[in-house]
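With mmCIF, C-alpha atoms and all ligand atoms inside, this is start-v5.cif:
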data_work
loop_
_atom_site.label_atom_id
_atom_site.label_comp_id
_atom_site.auth_asym_id
_atom_site.auth_seq_id
_atom_site.Cartn_x
_atom_site.Cartn_y
_atom_site.Cartn_z
CA MET A 7 -14.04 9.68 2.14
CA ARG A 8 -12.01 12.81 1.53
CA ILE A 9 -10.80 13.35 -2.03
CA ILE A 10 -7.82 15.49 -2.96
CA GLN A 11 -7.67 16.05 -6.69
CA CYS A 12 -4.27 17.40 -7.68
CA ASP A 13 -3.18 19.34 -10.74
CA SER A 14 -0.26 17.05 -11.51
CA LYS A 15 1.24 13.71 -10.57
CA GLU A 16 4.07 15.58 -8.80
CA GLU A 17 1.57 17.47 -6.65
CA ALA A 18 -0.25 14.23 -5.78
CA VAL A 19 3.04 12.59 -4.75
CA SER A 20 4.08 15.62 -2.65
CA THR A 21 0.67 15.75 -0.99
CA VAL A 22 0.95 12.14 0.15
CA ALA A 23 4.59 12.48 1.25
CA SER A 24 3.66 15.60 3.26
CA MET A 25 0.73 13.84 4.93
CA LEU A 26 3.01 11.02 6.01
CA LEU A 27 5.69 13.42 7.27
CA GLU A 28 3.09 15.47 9.18
CA LYS A 29 1.90 12.30 10.89
CA ILE A 30 5.46 11.47 11.95
CA GLU A 31 6.14 15.03 13.07
CA SER A 32 3.04 15.03 15.28
CA LYS A 33 3.77 11.51 16.58
CA PRO A 34 7.41 10.48 16.06
CA ASN A 35 6.77 6.91 17.25
CA SER A 36 3.94 6.41 14.76
CA VAL A 37 3.27 2.99 13.33
CA ILE A 38 3.13 3.35 9.55
CA GLY A 39 1.86 0.82 7.02
CA LEU A 40 3.61 0.97 3.65
CA ALA A 41 2.69 -0.20 0.17
CA THR A 42 5.06 -1.03 -2.67
CA GLY A 43 4.65 -0.67 -6.44
CA ARG A 44 5.54 1.90 -9.07
CA THR A 45 3.11 4.50 -7.72
CA MET A 46 5.00 4.71 -4.43
CA GLU A 47 8.50 5.08 -5.85
CA PRO A 48 8.36 8.91 -6.17
CA VAL A 49 6.76 9.14 -2.69
CA TYR A 50 9.71 7.26 -1.19
CA ALA A 51 12.14 9.38 -3.22
CA GLN A 52 10.58 12.45 -1.62
CA LEU A 53 10.74 10.98 1.90
CA VAL A 54 14.41 10.19 1.32
CA LYS A 55 15.01 13.88 0.49
CA SER A 56 13.57 14.86 3.88
CA GLY A 57 16.44 13.04 5.62
CA PRO A 58 16.58 10.27 8.24
CA ASP A 59 16.13 12.15 11.53
CA LYS A 60 12.33 12.27 11.51
CA PHE A 61 12.09 8.49 11.20
CA LYS A 62 14.30 7.48 14.12
CA LYS A 63 11.36 6.43 16.33
CA THR A 64 8.97 5.27 13.62
CA PHE A 65 7.97 1.65 13.08
CA PHE A 66 6.76 0.29 9.74
CA PHE A 67 4.64 -2.65 8.59
CA MET A 68 4.70 -3.70 4.95
CA LEU A 69 1.33 -4.53 3.38
CA ASP A 70 2.24 -7.64 1.49
CA GLU A 71 4.91 -9.99 0.16
CA TYR A 72 5.11 -12.66 -2.53
CA VAL A 73 5.06 -16.27 -1.39
CA GLY A 74 7.80 -18.59 -2.59
CA LEU A 75 10.60 -16.13 -3.27
CA PRO A 76 13.98 -16.69 -1.62
CA LEU A 77 14.65 -14.13 1.15
CA ASN A 78 16.05 -10.93 -0.35
CA HIS A 79 15.09 -11.92 -3.90
CA PRO A 80 15.57 -8.75 -6.02
CA SER A 81 11.86 -8.66 -6.90
CA SER A 82 10.61 -9.19 -3.34
CA PHE A 83 8.84 -6.31 -1.62
CA LYS A 84 11.42 -6.53 1.16
CA HIS A 85 14.13 -5.83 -1.39
CA TYR A 86 11.99 -3.03 -2.86
CA ILE A 87 11.64 -1.17 0.42
CA LYS A 88 15.29 -1.73 1.31
CA SER A 89 16.39 -0.12 -1.92
CA HIS A 90 13.79 2.71 -1.98
CA LEU A 91 13.67 3.67 1.71
CA ILE A 92 15.68 1.70 4.26
CA ASN A 93 19.10 1.91 2.65
CA PRO A 94 18.91 5.47 1.25
CA LEU A 95 17.73 6.80 4.63
CA GLY A 96 20.04 4.56 6.65
CA LEU A 97 17.09 3.20 8.67
CA LEU A 98 17.37 0.01 10.68
CA GLU A 99 15.79 -3.15 9.30
CA SER A 100 14.55 -3.73 12.87
CA GLN A 101 12.23 -0.71 12.42
CA PHE A 102 10.33 -2.73 9.83
CA SER A 103 8.07 -5.74 10.00
CA PHE A 104 7.71 -7.78 6.82
CA PRO A 105 4.88 -10.24 6.12
CA PRO A 106 6.56 -13.57 6.92
CA ALA A 107 5.55 -15.21 3.66
CA HIS A 108 7.99 -18.10 4.21
CA LEU A 109 6.32 -19.28 7.48
CA SER A 110 3.26 -21.51 7.57
CA GLU A 111 1.97 -19.54 10.58
CA GLY A 112 3.07 -16.26 9.00
CA ALA A 113 -0.40 -14.72 8.73
CA SER A 114 -1.30 -15.08 12.40
CA HIS A 115 2.19 -13.96 13.48
CA TYR A 116 1.77 -10.80 11.44
CA GLU A 117 -1.68 -10.03 12.84
CA THR A 118 -0.29 -10.47 16.37
CA SER A 119 2.67 -8.18 15.64
CA ILE A 120 0.36 -5.45 14.31
CA LYS A 121 -1.87 -5.70 17.41
CA GLU A 122 1.14 -5.67 19.75
CA SER A 123 2.46 -2.52 18.08
CA GLY A 124 -0.72 -0.71 19.15
CA GLY A 125 -2.14 -0.70 15.61
CA ILE A 126 -1.33 1.20 12.43
CA ASP A 127 -1.61 4.98 12.74
CA PHE A 128 -1.25 5.77 9.05
CA GLN A 129 -1.64 3.28 6.22
CA LEU A 130 -0.32 4.18 2.78
CA LEU A 131 -2.11 2.38 -0.06
CA GLY A 132 -1.90 2.04 -3.81
CA ILE A 133 -4.58 0.51 -6.00
CA GLY A 134 -4.57 -2.14 -8.71
CA LYS A 135 -6.34 -1.63 -12.03
CA ASN A 136 -8.97 -4.09 -10.79
CA GLY A 137 -9.47 -2.17 -7.53
CA HIS A 138 -7.28 -4.40 -5.36
CA ILE A 139 -5.69 -2.93 -2.26
CA GLY A 140 -2.67 -4.67 -0.82
CA PHE A 141 -3.15 -7.94 -2.68
CA ASN A 142 -6.82 -8.21 -1.76
CA GLU A 143 -8.08 -9.18 -5.16
CA PRO A 144 -11.73 -8.99 -6.32
CA GLY A 145 -13.79 -11.45 -4.27
CA SER A 146 -11.99 -10.56 -1.02
CA GLU A 147 -14.25 -10.06 1.96
CA LYS A 148 -14.59 -6.95 4.05
CA ASN A 149 -13.64 -8.78 7.25
CA SER A 150 -10.69 -10.66 5.69
CA ARG A 151 -7.52 -10.84 7.76
CA THR A 152 -3.86 -11.30 6.80
CA ARG A 153 -3.72 -14.46 4.70
CA ILE A 154 -2.25 -16.10 1.63
CA VAL A 155 -4.05 -14.89 -1.47
CA LYS A 156 -4.01 -16.01 -5.11
CA LEU A 157 -3.03 -13.27 -7.53
CA THR A 158 -5.27 -12.72 -10.53
CA ASN A 159 -3.81 -13.09 -14.02
CA GLU A 160 -4.30 -9.34 -14.48
CA THR A 161 -2.13 -8.59 -11.43
CA ILE A 162 0.48 -11.13 -12.50
CA GLU A 163 0.66 -9.52 -15.95
CA ALA A 164 0.76 -5.99 -14.48
CA ASN A 165 3.77 -6.94 -12.31
CA ARG A 166 5.60 -9.26 -14.70
CA ASP A 167 8.10 -6.60 -15.74
CA GLN A 168 9.24 -6.29 -12.11
CA PHE A 169 10.68 -9.79 -12.32
CA VAL A 170 14.05 -10.14 -13.98
CA ASP A 171 13.50 -13.84 -14.65
CA LYS A 172 9.83 -13.19 -15.61
CA ASN A 173 8.91 -16.02 -13.24
CA ILE A 174 6.37 -14.31 -11.06
CA PRO A 175 4.83 -16.02 -8.02
CA THR A 176 1.11 -16.76 -8.09
CA ASP A 177 0.51 -16.25 -4.35
CA ALA A 178 1.20 -13.53 -1.81
CA LEU A 179 0.76 -12.94 1.91
CA SER A 180 -1.34 -9.80 2.26
CA MET A 181 -2.89 -7.87 5.10
CA GLY A 182 -6.64 -8.43 4.83
CA ILE A 183 -9.24 -5.77 4.24
CA GLY A 184 -10.41 -6.05 7.84
CA THR A 185 -6.78 -5.60 8.92
CA ILE A 186 -6.35 -2.53 6.71
CA LEU A 187 -9.64 -1.03 7.91
CA GLU A 188 -8.32 -1.09 11.48
CA GLY A 189 -5.68 1.48 10.46
CA LYS A 190 -6.43 4.81 12.14
CA SER A 191 -6.01 6.76 8.92
CA LEU A 192 -5.79 5.43 5.37
CA VAL A 193 -4.27 7.37 2.48
CA LEU A 194 -4.56 5.99 -1.03
CA LEU A 195 -2.54 7.45 -3.89
CA ALA A 196 -3.70 6.74 -7.44
CA THR A 197 -1.79 8.11 -10.41
CA GLY A 198 -2.04 7.40 -14.13
CA LYS A 199 -4.88 6.63 -16.49
CA SER A 200 -4.73 2.88 -15.86
CA LYS A 201 -6.33 3.59 -12.46
CA ALA A 202 -9.15 5.81 -13.78
CA ASP A 203 -11.74 3.02 -14.18
CA ALA A 204 -11.22 1.71 -10.63
CA ILE A 205 -11.50 5.26 -9.25
CA LYS A 206 -14.70 5.85 -11.22
CA TYR A 207 -16.11 2.59 -9.84
CA LEU A 208 -15.17 3.64 -6.31
CA MET A 209 -17.15 6.86 -6.69
CA ASN A 210 -20.35 4.99 -7.49
CA HIS A 211 -20.17 1.89 -5.26
CA HIS A 212 -19.45 0.87 -1.72
CA ASP A 213 -18.79 -2.46 0.00
CA ASP A 214 -18.60 -4.22 -3.35
CA PRO A 215 -16.36 -7.33 -3.27
CA SER A 216 -15.83 -7.14 -7.04
CA CYS A 217 -13.80 -3.94 -6.44
CA PRO A 218 -12.16 -4.21 -2.97
CA VAL A 219 -11.21 -0.52 -2.71
CA THR A 220 -14.93 0.22 -2.23
CA PHE A 221 -14.66 -1.31 1.27
CA LEU A 222 -12.58 1.71 2.33
CA LYS A 223 -15.19 4.26 1.44
CA ASN A 224 -16.88 4.42 4.81
CA HIS A 225 -13.68 4.44 6.87
CA PRO A 226 -13.84 7.63 9.00
CA HIS A 227 -10.35 8.76 7.99
CA PHE A 228 -9.87 7.65 4.39
CA THR A 229 -8.21 10.12 2.02
CA LEU A 230 -7.96 9.52 -1.70
CA VAL A 231 -5.25 11.50 -3.49
CA LEU A 232 -5.55 11.61 -7.28
CA ASP A 233 -3.53 12.96 -10.16
CA PRO A 234 -5.42 14.32 -13.21
CA GLU A 235 -5.19 11.04 -15.13
CA ALA A 236 -6.50 8.87 -12.29
CA ALA A 237 -9.32 11.42 -11.82
CA SER A 238 -10.05 11.71 -15.54
CA LYS A 239 -13.28 9.64 -15.45
CA ILE A 240 -14.89 11.31 -12.47
CA ASN A 241 -16.48 14.70 -12.08
CA LEU A 242 -16.34 16.13 -8.59
CA ASN A 243 -18.13 19.32 -9.57
CA ILE A 244 -21.59 17.80 -9.96
C1 LIG A 301 1.68 -3.50 -3.20
C2 LIG A 301 0.28 -3.06 -3.15
C3 LIG A 301 -0.53 -3.07 -4.39
C4 LIG A 301 -0.11 -1.94 -5.34
C5 LIG A 301 -0.93 -1.99 -6.61
C6 LIG A 301 -0.53 -0.89 -7.58
O1 LIG A 301 2.27 -3.40 -1.92
O2 LIG A 301 -0.19 -2.69 -2.11
O3 LIG A 301 -1.90 -2.93 -4.07
O4 LIG A 301 -0.31 -0.71 -4.69
O5 LIG A 301 -0.78 -3.23 -7.23
O6 LIG A 301 0.75 -1.11 -8.05
P1 LIG A 301 1.47 0.00 -8.94
O7 LIG A 301 1.72 1.14 -8.05
O8 LIG A 301 2.75 -0.67 -9.39
O9 LIG A 301 0.54 0.32 -10.06
#

For this file, produce the structure as structure tokens.
Ligand code: F6R
Amino acid sequence: MRIIQCDSKEEAVSTVASMLLEKIESKPNSVIGLATGRTMEPVYAQLVKSGPDKFKKTFFFMLDEYVGLPLNHPSSFKHYIKSHLINPLGLLESQFSFPPAHLSEGASHYETSIKESGGIDFQLLGIGKNGHIGFNEPGSEKNSRTRIVKLTNETIEANRDQFVDKNIPTDALSMGIGTILEGKSLVLLATGKSKADAIKYLMNHHDDPSCPVTFLKNHPHFTLVLDPEAASKINLNI
């Protein structure tokens, strides 16, 4: 695990955006896995500033999607990425694959699509307060694949304000941990003090199902990018 501890949230965001852009510059037809959530909003804002040309040959897989929302619901992750990245950059929706949360065979379709793409070159990840990645909540297994997962009450509460009608789904279709671990490089951005406990736990544990992010620790190309608040409970100098 490589750790990049930044002096500000802005620097952490820029670091991650630059890593993603460097990947696309070195391999324009990269397959990129994207996360949603508040942490990623400034990253996408920065990618939008870099203009659309670099992304013309890139293909994207989204990490997860709520189950039970009408297509294009304003709080769906598909809507999120359309408004933060696809529309501002003028990308084609056909450059994106979305977890087909409305299909009963959606999980296996998604796994097949990822394999057929040649696999994910660069996976962008956020982290939940409880250490979830994607929507792999505590209790998820290291070899889990894309599947329907139950959201914990903590995650539901953390995301409630993203729902205009406050009626948040209880299930999601998420890439599994095994699926994520097959990504060639994984970059996790954590910002804000609400993530500090999970980051501290990550430092001291590995392969611990009670905190799924610990499964990433031994991936050969896993980079953790932290702002000062997310890093506030760890000490890298000892
Ligand atoms: C969503 C996802 C989640 C979020 C996590 C943090 O696609 O992958 O793991 O990254 O819930 O969300 P924020 O950034 O809103 O704190």

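Near ligand LIG 301 (chain A), the residues found within 8 Å are A:Leu40, A:Ala41, A:Thr42, A:Gly43, A:Arg44, A:Thr45, A:Met46, A:Met68, A:Leu69, A:Asp70, A:Glu71, A:Phe83, A:Leu131, A:Gly132, A:Ile133, A:Gly134, A:Lys135, A:His138, A:Ile139, A:Gly140, A:Phe141, A:Asn142, A:Thr161, A:Ala164, A:Asn165, A:Ala196, A:Lys201 (criterion computed using all atoms listed in the file).
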
| request: Find the spatial neighbours of A:Leu77, counting only C-alpha atoms, within a cut-off of 10 Å - ignore same-chain residues fewer than 3 positions away - and output them as a ChimeraX atom specification. | output: /A:74,80,82,84-85,106-108

| request: One decimal, Å: what's the distance from atom CA of A:Lys148 over to atom CA of A:Gln168, could you say? | output: 28.8 Å

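Distances here use all atoms listed in the file; by that measure, the residue among A:Pro34, A:Gly137, A:Pro226, A:Gly145 closest to A:Thr64 is A:Pro34.
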
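Closest approach to A:Ser191 among A:Gln129, A:Ser238, A:Thr152, A:Asn173: A:Gln129, based on all atoms listed in the file.
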
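Taking atom CA of A:Val19 and atom CA of A:Pro48 as endpoints, the distance between them is 6.6 Å.
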
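Considering the residues A:Val37, A:Leu157, A:Leu27, A:Leu98 and counting only C-alpha atoms, A:Phe67 has its shortest atom-to-atom contact with A:Val37.
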
| note | Of A:Gly198, A:Ser114, A:Phe65, A:Leu208, the one nearest to A:Leu232 when counting all atoms listed in the file is A:Gly198
